[in-house]
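Structure record follows, encoded as structure tokens.
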Amino acid sequence: MPPSYALRTAVGVILMLSGLLKAMHTASFADLLSQYGAEWFGYIAPLVIAIEIFLGILLILNTRPRWLSALTVAFILTVSAIFLYGVVGRGVTDCGCFGPLTWLNTRPWITFVRNALIVALLVPSLMRPQRGEPLTASSFLCLAGVTAVLMFMCGFSMHGAQCLKREPQPFEPIPLAEHPLSELVTCDPDSSYLVFAFSYSCPHCQNSIGNVNQYTAMGTVDRVIGLCVEDSVSRERFHRIFDVNFDIQEITEKQMYEISSSLPVSFFIRHDTIEAAIPGQVVTPALMIP
């Protein structure tokens, strides 16, 4: 096996891993893209994922190696430039390259070094013509099959992205006993509560933590209850970065979906009645109307 082909294969595996992991949690990636200045950026999340996986497959199949290597380098440089803008201009610190594996989504400078190494791996393929394989019928069927699976995964996992939510409808107060929350939390009728439903890896959820901490500190509510989707990979990184002053109860994705189709969402409960359900980032209690 020529060294240049081995290097291209390694890059292809990295791109496929990155794309597939993001496809499993497209909503989080879409929300991350929306932090670059416009919420509609979230709509291009499936396109970015598709490009990564297609480039990865074609590099592994050794199809038009020099041309694909040049295209891959252009893609890596483009996303690196966009991430640089996000870091400098928008305060983005998470590249989201590997979806839920947050321990791989490290500090920005490590991301840039990693991307530079990926480009370096492709330099031998750019220096001289490479012997490649034609796109055969079996290769085309492989791409078509991956496309079908990919679109299903992206469509399923993109449901609930904060950047795609519609304008919320007016919320009518309802008894807690009539809401799915009643199966997850127990409330004292003489106390007030903020139930904060979130995800460890959701950027909008993370940006809310500081304000959520203030609700008990300022006496706005008697207790804050956090409901979070189970995610052992993201949990450790979350607690390493954020200092929370409320209890967190982990629930399944199915239970979370029964509560809300978008995260984060906050429920205000008083006298065993859900008085408000507010989607999106949590504002400081200082701005809440008494």
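Chain lettering (A, B, ...) mirrors the order of the structure tokens, residue numbering begins at 1 for each chain separately, and ligand numbering begins at 1 in order of display.
Residues in contact with Leu17 of chain A at up to 10 Å, not including ones fewer than 6 positions away on its chain and judged by only C-alpha atoms, are Val11, Ala23, Glu52, Ile53, Gly56, Cys97, Phe98 and Gly99 of chain A.
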Next on the checklist: According to DSSP computed on the backbone, where in segment 35-139 of chain A is there helix (DSSP H, G or I)? Give the residues as a VMD selection string.
Outcome noted: chain A and resid 39 to 60 65 to 90 108 to 127 137 to 139
Checklist outcome for this item: Counting only C-alpha atoms, closest pick from A:Gly86, A:Tyr200, A:Met151, A:Leu61 relative to Val233 of chain A is A:Tyr200
Next on the checklist: If we count only C-alpha atoms and set the cut-off at 7 Å, which residues sit around segment 205-207 of chain A, ignoring sequence neighbours fewer than 4 positions away in its own chain? Please answer as a list in words.
Outcome noted: Phe198, Ser199, Pro264 and Gln281 of chain A
Contacts of Gln214 of chain A at 12 Å (only C-alpha atoms; same-chain gap of 5+ positions) as a short mmCIF file (atom, residue, chain, number, x, y, z; two decimals) with N, CA and C atoms, in the first residue's frame:
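part_15.cif written:
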```cif
data_model
loop_
_atom_site.label_atom_id
_atom_site.label_comp_id
_atom_site.auth_asym_id
_atom_site.auth_seq_id
_atom_site.Cartn_x
_atom_site.Cartn_y
_atom_site.Cartn_z
N LEU A 194 -38.57 26.23 39.64
CA LEU A 194 -38.17 26.36 38.25
C LEU A 194 -37.63 25.00 37.82
N SER A 208 -27.28 29.16 29.58
CA SER A 208 -28.33 29.50 30.55
C SER A 208 -27.93 29.19 31.98
N ILE A 209 -26.87 28.40 32.18
CA ILE A 209 -26.56 27.89 33.51
C ILE A 209 -26.36 29.00 34.53
N GLY A 219 -33.77 34.23 45.41
CA GLY A 219 -35.05 33.97 46.05
C GLY A 219 -36.24 34.07 45.12
N THR A 220 -36.00 34.01 43.80
CA THR A 220 -37.10 34.09 42.84
C THR A 220 -38.00 32.86 42.95
N VAL A 221 -37.39 31.70 43.17
CA VAL A 221 -38.14 30.47 43.41
C VAL A 221 -37.52 29.78 44.62
N ASP A 222 -38.25 28.85 45.19
CA ASP A 222 -37.75 28.12 46.35
C ASP A 222 -36.73 27.05 45.96
N ARG A 223 -36.92 26.48 44.76
CA ARG A 223 -36.02 25.40 44.35
C ARG A 223 -35.96 25.31 42.84
N VAL A 224 -34.78 24.98 42.33
CA VAL A 224 -34.58 24.70 40.91
C VAL A 224 -34.33 23.21 40.74
N ASP A 243 -20.43 25.20 37.37
CA ASP A 243 -20.71 25.00 38.79
C ASP A 243 -22.19 25.29 39.01
N VAL A 244 -22.98 24.24 39.22
CA VAL A 244 -24.43 24.42 39.36
C VAL A 244 -24.81 24.33 40.83
N ASN A 245 -25.83 25.09 41.21
CA ASN A 245 -26.30 25.05 42.60
C ASN A 245 -27.67 24.39 42.72
N PHE A 246 -28.02 23.56 41.72
CA PHE A 246 -29.31 22.86 41.75
C PHE A 246 -29.09 21.39 41.44
N VAL A 282 -32.46 30.85 29.26
CA VAL A 282 -33.07 31.40 30.46
C VAL A 282 -32.51 32.79 30.74
N VAL A 283 -33.42 33.74 30.96
CA VAL A 283 -32.98 35.10 31.29
C VAL A 283 -32.73 35.21 32.78
N THR A 284 -31.98 36.22 33.19
CA THR A 284 -31.73 36.44 34.60
C THR A 284 -33.02 36.76 35.31
N PRO A 285 -33.20 36.30 36.54
CA PRO A 285 -34.44 36.59 37.27
C PRO A 285 -34.63 38.08 37.53
N ALA A 286 -33.57 38.86 37.43
CA ALA A 286 -33.69 40.31 37.61
C ALA A 286 -34.56 40.94 36.54
N LEU A 287 -34.69 40.27 35.39
CA LEU A 287 -35.49 40.79 34.29
C LEU A 287 -36.91 40.23 34.26
N MET A 288 -37.21 39.32 35.18
CA MET A 288 -38.55 38.74 35.23
C MET A 288 -39.53 39.72 35.82
#
```
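Coordinates place atom CA of Leu227 of chain A at a distance of 21.4 Å from atom CA of Asp190 of chain A.
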Checklist entry - Which neighbours of segment 44-48 of chain A fall inside 10 Å, counting only C-alpha atoms, when residues of the same chain fewer than 6 positions from it are skipped, and could you give them as number ranges by chain? => result A: 19, 22-23, 26-34, 75, 79, 150-151, 153-155, 158
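Once Gly145 of chain A and its same-chain neighbours fewer than 6 positions away are set aside, Phe54, Ile57, Ser138, Ser139, Met151 and Phe152 of chain A remain within 12 Å of it when counting only C-alpha atoms.
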Checklist entry - Leaving out Val195 of chain A and any residue of its chain fewer than 5 positions from it, which residues lie within 10 Å of it when counting only C-alpha atoms, given as a PyMOL selection string? => result chain A and resi 181+185+212+223-227+248+265-269+274+277
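Compared by their closest atoms to Met24 of chain A, and using only C-alpha atoms, the residues A:Ile82, A:Ile49, A:Ile60, A:Leu176 rank with A:Ile49 nearest.
Our summary of the geometry notes that atom CA of Leu21 of chain A is positioned 13.9 Å from atom CA of Val146 of chain A.
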Next on the checklist: According to DSSP computed on the backbone, where in segment 108-284 of chain A is there strand (DSSP E)? Give the residues as a count of residues only.
Outcome noted: 34
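Residue nearest Trp67 of chain A within the list A:Ile14, A:Tyr193, A:Leu55, A:Trp40: A:Leu55 [criterion: smallest interatomic distance, only C-alpha atoms].
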